[in-house]
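Quick notes on the structure that follows.
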Amino acid sequence: MISRLIDLMPRCTGQNILRSLRSATRRSPTYRFAVRFSIGLVLILVLPLVFDGHPVAAAESGNQFQLSKSSIIQLLETVGLFMGGIIFCVILDRWFSQRSAQSSNTPLAEQARRLKQLKIGYPEGMTNLEVLQTQGLLETRLRPYGLIVTWTSFLSASSLIEALSNGTIDFCGGGGTASIFSQAADHVFVRVAKEKYTAPKGQAILVPEDSPIQTLADLKGKKIAFDKGSSAHYILVRSLAKVGLDFSDIEPVYLTQPEALPQFCRGEIDAWVIWVPYTATLARSAYPGRSIADLESIFGDKASVEVPTYYYAIPELVRDYPDLLKVILEEVNEAGTWAKKQELEAVQRLTKHHEIDPSILEILQKHSGERAIIPIDDQSLDALQHQANIFRDLNLIPERVNVKDGTYSLQTKQNWTY
């Protein structure tokens, strides 16, 4: 009889009932009991009408009233279905209650309720965070907990870390060099992760198209623009050292990238140390100039170690909201993985038309299936310490800093996978 009932019900009916029950379990106990009682009552009244057969076969003998054997069986089945329905509703109620309690009482849920708003900063051209914002990955993940995510763009990594220090934002990403200058300035922040790979063409030294400058050695005595305290600063120092020049051999012009662009176009500066999106990518096709050096020619296969991109957080996020920080890093990694796949597909299309170096495709294919971000380790901090020592030796920072100081760098084996 039960199988006949199932066959008679439309497929969507079961789904609607479950949806109604799920909604009911979120309400008061009185409401839930009323729903269960109503379901049982409907079963008693409707089921005898559904099954063809005679509900009652009565035979009167004097004052006695007798039920036929088939009627007794049907009655027992109806009562059984009623009791089964009640039991099923009770079990379903407890299951949904436990599930709701578990999701609302997790450390992540509790931390999200306490924080209420997560403020993220990012520099223009930082792909992982831009994808994370446009795709809404973090908002989707945290929406069930009622946490609001806000985004603010900044001109440079140094301004981002300063914003962390004064409480304007809670989390950001940017070049590793900026964190050295910020640490030397006693800004408050924690390095929490780094990108696994740095694009080999992601930063470069540009000169005007008609410039007589052909090599790094030709930069002696020239006016060179770059963002002070940024990775461009370190790239310039290392580039000069590569050809035996000192920092004092050039005339530095401290400009942010938006400020430097018009001056470079007007020929007011001789060279410009730049990063994405102004380097040799599709986005740079409208910008003037030619490259005389890039990360690959300066650092070789050590570019990802020498010129890293880090992710930073306020100490409170690390200390008081560890589960929330883990979710943020997981979604940054997801955004980075998605971005690498999109970049690979774009390069594959260009390669078919011979518009791009096949070696770039080979590199992207290698990286596309790997993690976007990784934990901070000794190797990356050793390289960052080397940067810090160079800047101190040049008297560009007031004192020697220790980048492995636990106050500033979080070293963990967590891979942020789920």
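Residue numbers start at 1 in each chain; chains themselves are named A, B, ... in the order of the structure tokens; ligands are numbered from 1 in the order shown.
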From range 235-326 of chain A, collect each residue whose DSSP state is alpha helix (DSSP H) and return the set as a PyMOL selection string.
chain A and resi 235-242+257-265+295-299+303-306+315-320+322-326
Put those residues in a file: C-alpha atoms, as a PDB file, in the first residue's frame.
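Once written, selection_5.pdb looks like this:
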ATOM      1  CA  ILE A 235      64.568  45.841  -8.523  1.00  0.00           C
ATOM      2  CA  LEU A 236      66.378  49.051  -9.421  1.00  0.00           C
ATOM      3  CA  VAL A 237      69.008  48.547  -6.699  1.00  0.00           C
ATOM      4  CA  ARG A 238      69.680  44.978  -7.827  1.00  0.00           C
ATOM      5  CA  SER A 239      69.699  45.957 -11.512  1.00  0.00           C
ATOM      6  CA  LEU A 240      72.316  48.636 -10.924  1.00  0.00           C
ATOM      7  CA  ALA A 241      74.463  46.268  -8.865  1.00  0.00           C
ATOM      8  CA  LYS A 242      74.277  43.716 -11.676  1.00  0.00           C
ATOM      9  CA  GLN A 257      52.866  54.694 -10.951  1.00  0.00           C
ATOM     10  CA  PRO A 258      49.872  56.900 -11.797  1.00  0.00           C
ATOM     11  CA  GLU A 259      52.051  59.964 -11.165  1.00  0.00           C
ATOM     12  CA  ALA A 260      54.964  58.614 -13.218  1.00  0.00           C
ATOM     13  CA  LEU A 261      52.993  57.703 -16.344  1.00  0.00           C
ATOM     14  CA  PRO A 262      52.309  61.238 -17.665  1.00  0.00           C
ATOM     15  CA  GLN A 263      55.881  62.356 -16.939  1.00  0.00           C
ATOM     16  CA  PHE A 264      57.238  59.313 -18.748  1.00  0.00           C
ATOM     17  CA  CYS A 265      54.993  60.048 -21.733  1.00  0.00           C
ATOM     18  CA  LEU A 295      62.394  40.118 -13.523  1.00  0.00           C
ATOM     19  CA  GLU A 296      63.486  37.167 -15.603  1.00  0.00           C
ATOM     20  CA  SER A 297      66.602  38.887 -16.977  1.00  0.00           C
ATOM     21  CA  ILE A 298      67.513  40.343 -13.584  1.00  0.00           C
ATOM     22  CA  PHE A 299      66.808  37.415 -11.244  1.00  0.00           C
ATOM     23  CA  ALA A 303      62.232  35.959  -9.268  1.00  0.00           C
ATOM     24  CA  SER A 304      59.470  34.440  -7.130  1.00  0.00           C
ATOM     25  CA  VAL A 305      61.817  34.324  -4.141  1.00  0.00           C
ATOM     26  CA  GLU A 306      63.568  37.643  -4.717  1.00  0.00           C
ATOM     27  CA  PRO A 315      47.426  41.165  14.479  1.00  0.00           C
ATOM     28  CA  GLU A 316      43.879  40.881  15.846  1.00  0.00           C
ATOM     29  CA  LEU A 317      42.743  38.938  12.766  1.00  0.00           C
ATOM     30  CA  VAL A 318      45.582  36.461  13.275  1.00  0.00           C
ATOM     31  CA  ARG A 319      45.144  36.163  17.025  1.00  0.00           C
ATOM     32  CA  ASP A 320      41.377  36.383  17.567  1.00  0.00           C
ATOM     33  CA  PRO A 322      42.073  32.306  13.023  1.00  0.00           C
ATOM     34  CA  ASP A 323      39.210  30.384  11.400  1.00  0.00           C
ATOM     35  CA  LEU A 324      38.095  33.476   9.535  1.00  0.00           C
ATOM     36  CA  LEU A 325      41.650  34.140   8.357  1.00  0.00           C
ATOM     37  CA  LYS A 326      41.821  30.552   7.091  1.00  0.00           C
TER      38      LYS A 326
END
Please run DSSP on the backbone and report, as a ChimeraX atom specification, all residues within range 250-340 of chain A that come out as strand (DSSP E or B).
/A:251-254,271-275,290-294,309-313
Since we have the selection now, will you write its residues out, keeping N, CA, C and O atoms, as a tab-separated table (two decimals), in the first residue's frame?
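As a result, selection29.tsv now contains:
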chain	number	residue	atom	x	y	z
A	251	GLU	N	69.83	59.33	-10.63
A	251	GLU	CA	69.03	60.36	-9.97
A	251	GLU	C	67.63	59.80	-9.74
A	251	GLU	O	66.83	59.71	-10.68
A	252	PRO	N	67.32	59.39	-8.50
A	252	PRO	CA	66.00	58.80	-8.24
A	252	PRO	C	64.90	59.85	-8.27
A	252	PRO	O	65.06	60.98	-7.81
A	253	VAL	N	63.78	59.45	-8.84
A	253	VAL	CA	62.58	60.30	-8.86
A	253	VAL	C	61.46	59.48	-8.24
A	253	VAL	O	60.97	58.52	-8.83
A	254	TYR	N	61.05	59.85	-7.02
A	254	TYR	CA	60.06	59.06	-6.28
A	254	TYR	C	58.65	59.44	-6.71
A	254	TYR	O	58.16	60.53	-6.38
A	271	ALA	N	63.90	56.84	-17.42
A	271	ALA	CA	63.52	55.42	-17.28
A	271	ALA	C	62.48	55.30	-16.18
A	271	ALA	O	62.34	56.20	-15.33
A	272	TRP	N	61.78	54.18	-16.20
A	272	TRP	CA	60.66	54.00	-15.27
A	272	TRP	C	60.63	52.53	-14.86
A	272	TRP	O	60.56	51.64	-15.71
A	273	VAL	N	60.70	52.28	-13.55
A	273	VAL	CA	60.62	50.91	-13.02
A	273	VAL	C	59.16	50.66	-12.66
A	273	VAL	O	58.60	51.34	-11.79
A	274	ILE	N	58.55	49.69	-13.34
A	274	ILE	CA	57.10	49.52	-13.25
A	274	ILE	C	56.72	48.08	-12.96
A	274	ILE	O	57.53	47.17	-13.03
A	275	TRP	N	55.45	47.89	-12.62
A	275	TRP	CA	54.91	46.56	-12.38
A	275	TRP	C	53.54	46.46	-13.04
A	275	TRP	O	53.01	47.44	-13.56
A	290	ARG	N	59.81	50.88	-24.15
A	290	ARG	CA	60.28	49.52	-24.38
A	290	ARG	C	61.06	49.06	-23.16
A	290	ARG	O	61.64	49.86	-22.42
A	291	SER	N	61.11	47.78	-22.98
A	291	SER	CA	61.76	47.22	-21.81
A	291	SER	C	63.24	46.96	-22.08
A	291	SER	O	63.60	46.41	-23.13
A	292	ILE	N	64.09	47.34	-21.11
A	292	ILE	CA	65.51	46.99	-21.21
A	292	ILE	C	65.88	45.90	-20.20
A	292	ILE	O	66.99	45.36	-20.25
A	293	ALA	N	64.96	45.59	-19.28
A	293	ALA	CA	65.19	44.52	-18.30
A	293	ALA	C	63.87	44.17	-17.64
A	293	ALA	O	62.97	45.02	-17.51
A	294	ASP	N	63.73	42.91	-17.25
A	294	ASP	CA	62.55	42.49	-16.49
A	294	ASP	C	63.00	41.51	-15.40
A	294	ASP	O	64.21	41.24	-15.26
A	309	THR	N	55.24	38.49	-3.55
A	309	THR	CA	54.02	39.21	-3.19
A	309	THR	C	53.46	38.56	-1.94
A	309	THR	O	53.27	37.34	-1.91
A	310	TYR	N	53.23	39.35	-0.92
A	310	TYR	CA	52.76	38.84	0.36
A	310	TYR	C	51.31	39.25	0.63
A	310	TYR	O	50.77	40.17	0.00
A	311	TYR	N	50.73	38.56	1.60
A	311	TYR	CA	49.40	38.93	2.11
A	311	TYR	C	49.57	39.28	3.58
A	311	TYR	O	50.31	38.61	4.31
A	312	TYR	N	48.89	40.35	3.98
A	312	TYR	CA	49.08	40.91	5.31
A	312	TYR	C	47.75	41.02	6.04
A	312	TYR	O	46.68	41.15	5.43
A	313	ALA	N	47.83	40.98	7.37
A	313	ALA	CA	46.62	41.11	8.19
A	313	ALA	C	46.97	41.88	9.46
A	313	ALA	O	48.14	41.98	9.85
My list of candidates is A:Thr150, A:Asn333, A:Gln385, A:Gln117. Which is closest to Arg400 in chain A when distances are computed with only C-alpha atoms?
A:Gln385
Contacts of Pro123 in chain A at 6 Å or less, counting only C-alpha atoms, minus same-chain residues fewer than 3 places along, as JSON, numbers by chain?
{"A": [126, 153, 154, 155, 156]}
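With only C-alpha atoms as the atoms that count, the residue of A:Ile180, A:Ala109, A:Cys172, A:Ile376 with the shortest distance to Leu129 in chain A is A:Cys172.
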For range 216-223 of chain A: contacts at 6 Å, only C-alpha atoms, fewer than 5 positions along chain excluded, given as a PyMOL selection string:
chain A and resi 243+249-252+269-270
Atomic separation - CA of Leu138 in chain A relative to CA of Gln203 in chain A, Å
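Going from CA of Gln203 in chain A over to CA of Leu138 in chain A, I get 28.3 Å.
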For Val131 in chain A, list every protein, DNA or RNA residue within 8 Å, evaluated using only C-alpha atoms, and leave out those in the same chain fewer than 5 positions away; present the list as a PyMOL selection string.
chain A and resi 335-336+339
Include C-alpha atoms and write out the residues we just selected as a compact mmCIF listing (two decimals), in the first residue's frame.
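Wrote part10.txt, looks like this:
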# COMPACT_ATOMS: atom_id res chain seq x y z
CA ALA A 335 40.73 33.16 -6.94
CA GLY A 336 44.37 32.72 -7.89
CA ALA A 339 42.92 33.50 -12.63
What's around Asn395 in chain A at 12 Å? Count only C-alpha atoms, leave out sequence neighbours fewer than 5 positions away in its own chain, and write the answer as a PyMOL selection string.
chain A and resi 181+184+247-248+388-390+400
Could you tell me how far CA of Thr412 in chain A sits from CA of Phe391 in chain A, in Å to one decimal place?
27.1 Å
How many Å lie between CA of Asp186 in chain A and CA of Leu410 in chain A, rounded to one decimal?
17.0 Å
